[in-house]
Structures are given as structure tokens and as C-alpha cells.
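*Asks:* What follows is upload-v1.cif; its format and atoms are mmCIF, N, CA and C atoms.
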```
data_upload
#
loop_
_atom_site.label_atom_id
_atom_site.label_comp_id
_atom_site.auth_asym_id
_atom_site.auth_seq_id
_atom_site.Cartn_x
_atom_site.Cartn_y
_atom_site.Cartn_z
N MET A 30 -37.85 -17.81 0.23
CA MET A 30 -36.51 -18.01 0.76
C MET A 30 -35.59 -16.91 0.23
N ALA A 31 -35.16 -16.01 1.09
CA ALA A 31 -34.31 -14.90 0.67
C ALA A 31 -32.85 -15.30 0.81
N SER A 32 -32.09 -15.08 -0.25
CA SER A 32 -30.66 -15.38 -0.15
C SER A 32 -29.88 -14.16 -0.61
N SER A 33 -28.73 -13.99 -0.04
CA SER A 33 -27.90 -12.84 -0.38
C SER A 33 -26.89 -13.26 -1.45
N ASN A 34 -26.95 -12.58 -2.59
CA ASN A 34 -26.02 -12.91 -3.68
C ASN A 34 -24.60 -12.46 -3.40
N SER A 35 -24.45 -11.37 -2.67
CA SER A 35 -23.11 -10.83 -2.46
C SER A 35 -22.21 -11.80 -1.70
N THR A 36 -22.76 -12.51 -0.70
CA THR A 36 -21.91 -13.44 0.05
C THR A 36 -21.54 -14.63 -0.81
N GLN A 37 -22.42 -15.05 -1.69
CA GLN A 37 -22.12 -16.18 -2.58
C GLN A 37 -20.94 -15.84 -3.49
N GLN A 38 -20.92 -14.62 -4.03
CA GLN A 38 -19.82 -14.23 -4.92
C GLN A 38 -18.51 -14.10 -4.16
N ASP A 39 -18.56 -13.60 -2.95
CA ASP A 39 -17.34 -13.42 -2.16
C ASP A 39 -16.70 -14.75 -1.82
N VAL A 40 -17.50 -15.79 -1.63
CA VAL A 40 -16.97 -17.10 -1.24
C VAL A 40 -16.14 -17.70 -2.38
N ASN A 41 -16.59 -17.50 -3.63
CA ASN A 41 -15.92 -18.11 -4.76
C ASN A 41 -14.63 -17.40 -5.17
N LYS A 42 -14.50 -16.14 -4.79
CA LYS A 42 -13.34 -15.37 -5.21
C LYS A 42 -12.25 -15.44 -4.14
N PRO A 43 -11.03 -15.88 -4.53
CA PRO A 43 -9.98 -15.92 -3.50
C PRO A 43 -9.62 -14.50 -3.05
N ALA A 44 -9.42 -14.33 -1.77
CA ALA A 44 -9.10 -13.01 -1.24
C ALA A 44 -7.67 -12.66 -1.64
N LYS A 45 -7.48 -11.49 -2.24
CA LYS A 45 -6.14 -11.06 -2.60
C LYS A 45 -5.49 -10.49 -1.35
N ARG A 46 -4.30 -11.00 -1.06
CA ARG A 46 -3.60 -10.47 0.11
C ARG A 46 -2.94 -9.16 -0.24
N LYS A 47 -3.13 -8.17 0.62
CA LYS A 47 -2.44 -6.90 0.41
C LYS A 47 -0.99 -7.10 0.82
N PRO A 48 -0.06 -6.61 0.00
CA PRO A 48 1.34 -6.82 0.38
C PRO A 48 1.69 -6.04 1.64
N VAL A 49 2.47 -6.66 2.50
CA VAL A 49 2.95 -5.99 3.69
C VAL A 49 4.34 -5.49 3.34
N PHE A 50 4.53 -4.19 3.37
CA PHE A 50 5.82 -3.64 2.97
C PHE A 50 6.81 -3.73 4.13
N THR A 51 8.01 -4.22 3.80
CA THR A 51 9.09 -4.39 4.76
C THR A 51 10.01 -3.18 4.66
N LYS A 52 10.59 -2.80 5.78
CA LYS A 52 11.60 -1.74 5.78
C LYS A 52 12.98 -2.41 5.74
N VAL A 53 13.96 -1.70 5.19
CA VAL A 53 15.30 -2.28 5.04
C VAL A 53 15.86 -2.77 6.37
N ASP A 54 15.67 -2.00 7.45
CA ASP A 54 16.26 -2.42 8.73
C ASP A 54 15.58 -3.63 9.37
N GLN A 55 14.50 -4.14 8.74
CA GLN A 55 13.84 -5.34 9.26
C GLN A 55 14.37 -6.61 8.59
N LEU A 56 15.23 -6.46 7.59
CA LEU A 56 15.74 -7.62 6.85
C LEU A 56 16.76 -8.38 7.69
N ILE A 57 16.60 -9.70 7.74
CA ILE A 57 17.54 -10.54 8.47
C ILE A 57 17.93 -11.75 7.61
N PRO A 58 19.11 -12.33 7.87
CA PRO A 58 19.57 -13.46 7.06
C PRO A 58 18.56 -14.62 7.03
N GLY A 59 18.51 -15.30 5.90
CA GLY A 59 17.68 -16.50 5.77
C GLY A 59 16.20 -16.23 5.57
N THR A 60 15.82 -15.00 5.27
CA THR A 60 14.40 -14.69 5.11
C THR A 60 14.08 -14.42 3.64
N ASN A 61 12.80 -14.55 3.29
CA ASN A 61 12.37 -14.27 1.92
C ASN A 61 10.94 -13.78 1.92
N GLY A 62 10.41 -13.52 0.74
CA GLY A 62 9.03 -13.04 0.62
C GLY A 62 8.85 -11.58 0.97
N HIS A 63 9.94 -10.82 0.90
CA HIS A 63 9.86 -9.39 1.26
C HIS A 63 9.34 -8.55 0.09
N THR A 64 8.51 -7.57 0.40
CA THR A 64 8.08 -6.57 -0.58
C THR A 64 8.50 -5.22 -0.02
N LEU A 65 9.32 -4.48 -0.76
CA LEU A 65 9.74 -3.20 -0.24
C LEU A 65 9.90 -2.15 -1.33
N VAL A 66 9.78 -0.89 -0.91
CA VAL A 66 9.97 0.25 -1.80
C VAL A 66 11.33 0.83 -1.43
N ALA A 67 12.18 1.03 -2.45
CA ALA A 67 13.52 1.55 -2.16
C ALA A 67 13.98 2.46 -3.29
N LYS A 68 14.89 3.36 -2.92
CA LYS A 68 15.52 4.22 -3.92
C LYS A 68 16.86 3.57 -4.31
N VAL A 69 17.18 3.67 -5.59
CA VAL A 69 18.47 3.15 -6.07
C VAL A 69 19.49 4.28 -5.94
N LEU A 70 20.56 4.01 -5.16
CA LEU A 70 21.59 5.03 -4.95
C LEU A 70 22.72 4.88 -5.97
N SER A 71 23.09 3.63 -6.27
CA SER A 71 24.14 3.38 -7.26
C SER A 71 23.98 2.00 -7.84
N SER A 72 24.59 1.78 -9.01
CA SER A 72 24.53 0.48 -9.67
C SER A 72 25.86 0.23 -10.36
N ASP A 73 26.53 -0.86 -9.99
CA ASP A 73 27.82 -1.21 -10.59
C ASP A 73 27.75 -2.61 -11.19
N THR A 74 28.01 -2.70 -12.48
CA THR A 74 28.01 -4.01 -13.13
C THR A 74 29.25 -4.77 -12.68
N VAL A 75 29.06 -5.98 -12.14
CA VAL A 75 30.19 -6.77 -11.64
C VAL A 75 30.49 -7.96 -12.54
N VAL A 76 29.50 -8.46 -13.27
CA VAL A 76 29.72 -9.57 -14.19
C VAL A 76 29.04 -9.22 -15.51
N HIS A 77 29.76 -9.37 -16.59
CA HIS A 77 29.14 -9.18 -17.90
C HIS A 77 29.75 -10.21 -18.83
N LYS A 78 29.07 -11.37 -18.92
CA LYS A 78 29.56 -12.43 -19.79
C LYS A 78 28.83 -12.35 -21.11
N PRO A 79 29.56 -12.06 -22.20
CA PRO A 79 28.88 -12.04 -23.49
C PRO A 79 28.42 -13.44 -23.87
N ARG A 80 27.48 -13.50 -24.75
CA ARG A 80 26.94 -14.77 -25.20
C ARG A 80 28.03 -15.53 -25.96
N PRO A 81 28.19 -16.85 -25.67
CA PRO A 81 29.17 -17.61 -26.45
C PRO A 81 28.75 -17.62 -27.93
N SER A 82 29.72 -17.46 -28.83
CA SER A 82 29.40 -17.35 -30.26
C SER A 82 28.71 -18.61 -30.79
N SER A 83 28.94 -19.75 -30.15
CA SER A 83 28.32 -20.99 -30.61
C SER A 83 26.85 -21.11 -30.19
N ALA A 84 26.47 -20.41 -29.13
CA ALA A 84 25.11 -20.54 -28.60
C ALA A 84 24.30 -19.29 -28.91
N HIS A 85 23.41 -19.36 -29.88
CA HIS A 85 22.63 -18.18 -30.28
C HIS A 85 21.40 -17.97 -29.42
N ASN A 86 20.94 -19.03 -28.73
CA ASN A 86 19.72 -18.90 -27.93
C ASN A 86 20.02 -18.60 -26.46
N ILE A 87 21.27 -18.52 -26.09
CA ILE A 87 21.62 -18.22 -24.70
C ILE A 87 21.86 -16.72 -24.56
N LYS A 88 21.18 -16.12 -23.58
CA LYS A 88 21.31 -14.68 -23.35
C LYS A 88 22.62 -14.40 -22.62
N PRO A 89 23.21 -13.23 -22.86
CA PRO A 89 24.41 -12.88 -22.09
C PRO A 89 24.03 -12.69 -20.62
N THR A 90 24.97 -12.98 -19.73
CA THR A 90 24.71 -12.83 -18.30
C THR A 90 25.24 -11.48 -17.83
N VAL A 91 24.38 -10.72 -17.15
CA VAL A 91 24.78 -9.43 -16.59
C VAL A 91 24.35 -9.42 -15.13
N ILE A 92 25.28 -9.09 -14.23
CA ILE A 92 24.96 -8.98 -12.80
C ILE A 92 25.49 -7.64 -12.32
N ALA A 93 24.65 -6.91 -11.61
CA ALA A 93 25.07 -5.62 -11.05
C ALA A 93 24.78 -5.60 -9.56
N GLU A 94 25.68 -4.96 -8.81
CA GLU A 94 25.44 -4.74 -7.39
C GLU A 94 24.92 -3.32 -7.25
N CYS A 95 23.71 -3.19 -6.70
CA CYS A 95 23.07 -1.88 -6.59
C CYS A 95 22.86 -1.54 -5.12
N LEU A 96 23.31 -0.38 -4.73
CA LEU A 96 23.05 0.07 -3.36
C LEU A 96 21.67 0.71 -3.36
N ILE A 97 20.75 0.12 -2.60
CA ILE A 97 19.38 0.64 -2.51
C ILE A 97 19.07 0.94 -1.05
N GLY A 98 18.05 1.75 -0.83
CA GLY A 98 17.72 2.06 0.56
C GLY A 98 16.40 2.76 0.72
N ASP A 99 15.98 2.83 2.00
CA ASP A 99 14.78 3.58 2.36
C ASP A 99 15.12 4.44 3.57
N ASP A 100 14.09 4.90 4.28
CA ASP A 100 14.34 5.81 5.40
C ASP A 100 14.86 5.10 6.65
N THR A 101 15.13 3.78 6.57
CA THR A 101 15.68 3.06 7.74
C THR A 101 17.09 2.55 7.50
N GLY A 102 17.53 2.49 6.23
CA GLY A 102 18.87 1.98 5.96
C GLY A 102 19.07 1.61 4.51
N THR A 103 20.26 1.03 4.23
CA THR A 103 20.58 0.62 2.86
C THR A 103 21.04 -0.83 2.85
N ILE A 104 21.02 -1.43 1.65
CA ILE A 104 21.49 -2.81 1.47
C ILE A 104 21.89 -2.97 0.02
N ILE A 105 22.77 -3.90 -0.26
CA ILE A 105 23.16 -4.15 -1.65
C ILE A 105 22.15 -5.12 -2.26
N PHE A 106 21.61 -4.73 -3.41
CA PHE A 106 20.69 -5.56 -4.17
C PHE A 106 21.45 -6.13 -5.36
N THR A 107 21.39 -7.45 -5.53
CA THR A 107 22.05 -8.09 -6.67
C THR A 107 21.04 -8.18 -7.81
N ALA A 108 21.26 -7.35 -8.84
CA ALA A 108 20.36 -7.33 -10.01
C ALA A 108 20.92 -8.25 -11.08
N ARG A 109 20.03 -9.03 -11.69
CA ARG A 109 20.46 -9.95 -12.74
C ARG A 109 19.75 -9.64 -14.05
N ASN A 110 20.53 -9.69 -15.13
CA ASN A 110 20.03 -9.55 -16.51
C ASN A 110 19.06 -8.38 -16.70
N GLU A 111 17.74 -8.66 -16.99
CA GLU A 111 16.79 -7.58 -17.27
C GLU A 111 16.66 -6.62 -16.09
N GLN A 112 16.87 -7.12 -14.87
CA GLN A 112 16.71 -6.27 -13.68
C GLN A 112 17.73 -5.12 -13.69
N VAL A 113 18.90 -5.36 -14.29
CA VAL A 113 19.96 -4.35 -14.29
C VAL A 113 19.48 -3.06 -14.95
N ASP A 114 18.73 -3.18 -16.06
CA ASP A 114 18.24 -2.00 -16.77
C ASP A 114 17.27 -1.17 -15.93
N LEU A 115 16.55 -1.82 -15.00
CA LEU A 115 15.57 -1.11 -14.17
C LEU A 115 16.23 -0.39 -13.00
N MET A 116 17.41 -0.86 -12.58
CA MET A 116 18.06 -0.35 -11.37
C MET A 116 18.99 0.83 -11.69
N LYS A 117 18.41 1.92 -12.14
CA LYS A 117 19.18 3.12 -12.46
C LYS A 117 19.27 4.02 -11.22
N ALA A 118 20.44 4.57 -10.98
CA ALA A 118 20.62 5.46 -9.83
C ALA A 118 19.61 6.59 -9.90
N GLY A 119 18.95 6.85 -8.78
CA GLY A 119 17.96 7.92 -8.70
C GLY A 119 16.53 7.44 -8.86
N SER A 120 16.34 6.23 -9.38
CA SER A 120 14.96 5.75 -9.55
C SER A 120 14.46 5.07 -8.27
N THR A 121 13.15 4.96 -8.16
CA THR A 121 12.52 4.29 -7.02
C THR A 121 11.91 3.00 -7.55
N VAL A 122 12.14 1.91 -6.82
CA VAL A 122 11.65 0.60 -7.27
C VAL A 122 10.83 -0.08 -6.18
N ILE A 123 9.92 -0.96 -6.63
CA ILE A 123 9.23 -1.86 -5.70
C ILE A 123 9.80 -3.24 -5.99
N LEU A 124 10.32 -3.87 -4.95
CA LEU A 124 10.83 -5.23 -5.06
C LEU A 124 9.78 -6.15 -4.45
N ARG A 125 9.27 -7.09 -5.25
CA ARG A 125 8.25 -8.01 -4.76
C ARG A 125 8.82 -9.40 -4.61
N ASN A 126 8.53 -10.03 -3.48
CA ASN A 126 8.98 -11.39 -3.18
C ASN A 126 10.51 -11.47 -3.21
N ALA A 127 11.16 -10.49 -2.60
CA ALA A 127 12.63 -10.46 -2.55
C ALA A 127 13.12 -11.38 -1.44
N LYS A 128 14.37 -11.86 -1.57
CA LYS A 128 14.93 -12.75 -0.56
C LYS A 128 16.32 -12.27 -0.18
N ILE A 129 16.77 -12.73 0.96
CA ILE A 129 18.11 -12.40 1.44
C ILE A 129 19.05 -13.54 1.07
N ASP A 130 20.10 -13.21 0.32
CA ASP A 130 21.18 -14.16 0.04
C ASP A 130 22.36 -13.74 0.90
N MET A 131 23.18 -14.72 1.27
CA MET A 131 24.39 -14.39 2.01
C MET A 131 25.58 -14.47 1.04
N PHE A 132 26.44 -13.46 1.07
CA PHE A 132 27.62 -13.43 0.21
C PHE A 132 28.80 -13.03 1.06
N LYS A 133 29.75 -13.95 1.25
CA LYS A 133 30.94 -13.71 2.07
C LYS A 133 30.55 -13.17 3.45
N GLY A 134 29.53 -13.76 4.06
CA GLY A 134 29.15 -13.38 5.42
C GLY A 134 28.28 -12.14 5.54
N SER A 135 27.90 -11.50 4.41
CA SER A 135 27.04 -10.33 4.53
C SER A 135 25.79 -10.50 3.68
N MET A 136 24.76 -9.72 4.04
CA MET A 136 23.46 -9.86 3.38
C MET A 136 23.43 -9.14 2.03
N ARG A 137 22.77 -9.78 1.09
CA ARG A 137 22.46 -9.18 -0.21
C ARG A 137 20.98 -9.43 -0.46
N LEU A 138 20.30 -8.47 -1.02
CA LEU A 138 18.89 -8.64 -1.37
C LEU A 138 18.85 -9.07 -2.84
N ALA A 139 17.95 -10.01 -3.18
CA ALA A 139 17.84 -10.47 -4.57
C ALA A 139 16.39 -10.80 -4.87
N VAL A 140 16.04 -10.73 -6.15
CA VAL A 140 14.72 -11.13 -6.61
C VAL A 140 14.93 -12.19 -7.67
N ASP A 141 14.43 -13.41 -7.42
CA ASP A 141 14.59 -14.49 -8.39
C ASP A 141 13.39 -14.56 -9.31
N LYS A 142 13.22 -15.68 -10.00
CA LYS A 142 12.13 -15.79 -10.99
C LYS A 142 10.75 -15.75 -10.36
N TRP A 143 10.65 -15.92 -9.04
CA TRP A 143 9.35 -15.90 -8.36
C TRP A 143 8.97 -14.50 -7.91
N GLY A 144 9.85 -13.55 -8.11
CA GLY A 144 9.57 -12.18 -7.67
C GLY A 144 9.56 -11.22 -8.84
N ARG A 145 9.48 -9.93 -8.52
CA ARG A 145 9.39 -8.92 -9.55
C ARG A 145 10.06 -7.63 -9.12
N VAL A 146 10.65 -6.92 -10.08
CA VAL A 146 11.21 -5.59 -9.85
C VAL A 146 10.40 -4.63 -10.70
N GLU A 147 9.86 -3.58 -10.08
CA GLU A 147 9.06 -2.60 -10.82
C GLU A 147 9.56 -1.21 -10.50
N VAL A 148 9.71 -0.39 -11.54
CA VAL A 148 10.04 1.02 -11.31
C VAL A 148 8.72 1.71 -10.96
N THR A 149 8.76 2.59 -9.95
CA THR A 149 7.53 3.23 -9.49
C THR A 149 7.74 4.74 -9.37
N GLU A 150 6.71 5.42 -8.87
CA GLU A 150 6.79 6.88 -8.67
C GLU A 150 7.91 7.20 -7.68
N PRO A 151 8.59 8.34 -7.86
CA PRO A 151 9.65 8.71 -6.91
C PRO A 151 9.10 8.76 -5.48
N ALA A 152 9.83 8.15 -4.56
CA ALA A 152 9.40 8.11 -3.16
C ALA A 152 9.73 9.43 -2.48
N ASP A 153 8.95 9.75 -1.44
CA ASP A 153 9.16 11.03 -0.75
C ASP A 153 9.90 10.86 0.57
N PHE A 154 10.81 9.87 0.64
CA PHE A 154 11.61 9.71 1.85
C PHE A 154 13.08 9.97 1.55
N GLU A 155 13.82 10.34 2.60
CA GLU A 155 15.26 10.50 2.49
C GLU A 155 15.89 9.17 2.89
N VAL A 156 16.83 8.70 2.09
CA VAL A 156 17.49 7.42 2.39
C VAL A 156 18.46 7.61 3.55
N LYS A 157 18.35 6.69 4.53
CA LYS A 157 19.26 6.70 5.68
C LYS A 157 20.53 5.96 5.25
N GLU A 158 21.53 6.72 4.83
CA GLU A 158 22.72 6.12 4.23
C GLU A 158 23.76 5.65 5.23
N ASP A 159 23.59 5.98 6.52
CA ASP A 159 24.61 5.57 7.49
C ASP A 159 24.27 4.23 8.17
N ASN A 160 23.34 3.48 7.58
CA ASN A 160 22.98 2.17 8.15
C ASN A 160 22.95 1.14 7.02
N ASN A 161 24.15 0.74 6.54
CA ASN A 161 24.24 -0.21 5.44
C ASN A 161 24.28 -1.63 6.00
N LEU A 162 23.17 -2.36 5.81
CA LEU A 162 23.07 -3.71 6.35
C LEU A 162 24.03 -4.68 5.67
N SER A 163 24.49 -4.36 4.46
CA SER A 163 25.43 -5.25 3.77
C SER A 163 26.84 -5.13 4.34
N LEU A 164 27.08 -4.16 5.21
CA LEU A 164 28.40 -4.03 5.85
C LEU A 164 28.48 -4.83 7.14
N VAL A 165 27.34 -5.34 7.61
CA VAL A 165 27.32 -6.14 8.83
C VAL A 165 27.73 -7.56 8.47
N GLU A 166 28.77 -8.08 9.16
CA GLU A 166 29.21 -9.44 8.88
C GLU A 166 28.54 -10.42 9.82
N TYR A 167 28.05 -11.50 9.25
CA TYR A 167 27.41 -12.55 10.04
C TYR A 167 28.31 -13.77 10.03
N GLU A 168 28.26 -14.52 11.13
CA GLU A 168 29.04 -15.74 11.21
C GLU A 168 28.06 -16.90 11.38
N LEU A 169 28.30 -17.96 10.60
CA LEU A 169 27.42 -19.13 10.69
C LEU A 169 27.80 -19.89 11.96
N VAL A 170 26.83 -20.07 12.87
CA VAL A 170 27.09 -20.77 14.12
C VAL A 170 26.18 -21.99 14.17
N ASN A 171 26.77 -23.16 14.39
CA ASN A 171 25.97 -24.38 14.52
C ASN A 171 25.49 -24.50 15.96
N VAL A 172 24.19 -24.65 16.11
CA VAL A 172 23.60 -24.76 17.45
C VAL A 172 23.37 -26.25 17.71
N VAL A 173 23.91 -26.72 18.83
CA VAL A 173 23.74 -28.13 19.18
C VAL A 173 22.64 -28.24 20.23
N GLU A 174 21.59 -29.01 19.89
CA GLU A 174 20.50 -29.22 20.83
C GLU A 174 20.92 -30.27 21.85
N GLU A 175 20.65 -30.01 23.15
CA GLU A 175 21.02 -31.01 24.18
C GLU A 175 19.81 -31.76 24.65
#
```
Show this structure as C-alpha cells.
*Replies:*
Amino acid sequence: MASSNSTQQDVNKPAKRKPVFTKVDQLIPGTNGHTLVAKVLSSDTVVHKPRPSSAHNIKPTVIAECLIGDDTGTIIFTARNEQVDLMKAGSTVILRNAKIDMFKGSMRLAVDKWGRVEVTEPADFEVKEDNNLSLVEYELVNVVEE
């Protein structure tokens, strides 16, 4: 009885999904699970709350708005705490499992505890700076089913 060992091993190992990279201009409100490569154009710290003197185990809160983009457009990425240090202007990052948050009617990209921000090799694309998706205002419309 001849059996193939290779198929037996393949069955037991879960198949790793290759990430599908999203382009900035494909991002739409209410979506998540995006993986994209982007260049950081600028980073501005908007919130910097120092740690309360009474709480030694609480980390200070830092939030920065970073303009990031690829060859299809730009969007504001909201970096939190450790992410802020990675989002330096001029660097290229891979955002894994990113989601779209809405802020005052416009899109912001964010990575929560289920995702990851990684600095990577400099990308060889020119950022399309005249297509900022965070400047597009969306209006919440309730759809009534008849």
C-alpha cells in the first residue's frame, strides 16, 4: 500500500493566507482588515497626556495625525502611543489589519490592538498627493427598507 507523505503533512498545516495589499484609493468608510504599504509624509502630535502622578503603571497617551499615501492617494492615519515613534516623515510603513474610522464626517485610517505597524524598506513609488481621501466629507444617511 503506497501512501504519499507530502499530502498528509499539508493537511495538518493550516494554509497561511498571503496578504492582499490594498491601495489608498480603495479605502471606503466602515471597512477594516486592510493591509497596505504607504509612505509617511508628515506627522503631527495632536494629544499628549502625561501620566497622572498618582498612577505609575499607566502609560502617557500620545496621538498623532500622520498624512500617509501611496501612488493612488493620501489619507490621515491616526497613530497611537508606540505607533507614533514609527510614523516618521519620509519612512515607509506596512499597516496590517488597518481599519477606517470616521472623524467629523471624514475617513481616518487606524491600527488597533489586532493590527500592526511595521517600518519597511523605502518604497519606489511617488505619492499621489492631490487625492487626499480624508478631505472627502461623508454624510450618514439612514436607508429605510420598504
*Asks:* May I ask for the distance between atom C of His63 of chain A and atom CA of Asn160 of chain A, given in Å to one decimal place?
*Replies:* 19.1 Å
*Asks:* Using the chain letters and numbers from this file, what does the PyMOL selection byres ((chain A and resi 54) around 7) select? Give the answer as a ChimeraX atom specification.
*Replies:* /A:51-53,55-57,101-103
*Asks:* Give as a ChimeraX atom specification the residues that the PyMOL selection byres (((chain A and resi 92 and name CA) around 8) and name CA) matches when applied to the coordinates above.
*Replies:* /A:74-77,90-91,93-94,107-110,113
*Asks:* Could you pull out the alpha helix (DSSP H) residues of chain A, going by DSSP on the backbone, and write them as a PyMOL selection string?
*Replies:* chain A and resi 34-41+111-115
*Asks:* Mind pulling up the distance from atom CA of Ile105 of chain A to atom CA of Phe132 of chain A?
*Replies:*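 So the answer is 10.5 Å.
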*Asks:* Of the candidates A:Gly62, A:Met136, A:Gly144, A:Leu115, which shows the shortest atom-to-atom distance to Val165 of chain A, using all atoms listed in the file?
*Replies:* A:Met136
*Asks:* Every residue with an atom at most 9 Å from (16.7, 4.2, -9.9) (file coordinates; only C-alpha atoms) is what I'm after, so could you write them as a list of chain:residue names?
*Replies:*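 These residues have at least one counted atom within 9 Å: A:Ala67, A:Lys68, A:Val69, A:Leu70, A:Ser71, A:Ser72, A:Ile97, A:Leu115, A:Met116, A:Lys117, A:Ala118, A:Gly119, A:Ser120, A:Thr121, A:Val122, A:Val148, A:Pro151.
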*Asks:* Could you pull the residues within 9 Å of Lys128 of chain A, counting only C-alpha atoms, minus those fewer than 4 positions along the same chain, as a count of residues only?
*Replies:* 12
*Asks:* Enter the distance from atom N of Lys88 of chain A to atom N of Gln112 of chain A, in Å, rounded to one decimal.
*Replies:*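 Calculated distance between atom N of Lys88 of chain A and atom N of Gln112 of chain A is 13.2 Å.
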*Asks:* Nearest to Gly98 of chain A: which of A:Leu65, A:Val156, A:Val49, A:Leu169 is it, counting only C-alpha atoms?
*Replies:*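 Residue with the minimum atom-to-atom distance to Gly98 of chain A: A:Val156.
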*Asks:* Between A:Val66, A:Val172, A:Arg145, A:Pro79, which one has atoms that come closest to Asp100 of chain A, using all atoms listed in the file?
*Replies:* A:Val66
*Asks:* Could you write out, as a VMD selection string, all the residues of chain A that DSSP marks as strand (DSSP E)?
*Replies:* chain A and resid 61 to 78 90 to 99 102 to 109 121 to 132 135 to 139 145 to 149
*Asks:* Which centre and which edge lengths, in Å to one decimal, describe the axis-aligned box that holds all listed atoms of segment 108-124 of chain A after 8 Å is added on each side, as JSON?
*Replies:*
```
{"center_x": 15.2, "center_y": -1.0, "center_z": -10.9, "size_x": 28.0, "size_y": 33.9, "size_z": 28.8}
```
*Asks:* Choose the residue, out of A:Pro89, A:Trp143, A:Leu124, A:Glu168, that has the smallest atom-to-atom separation from Phe106 of chain A; count only C-alpha atoms.
*Replies:*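 Closest residue, counting only C-alpha atoms: A:Leu124.
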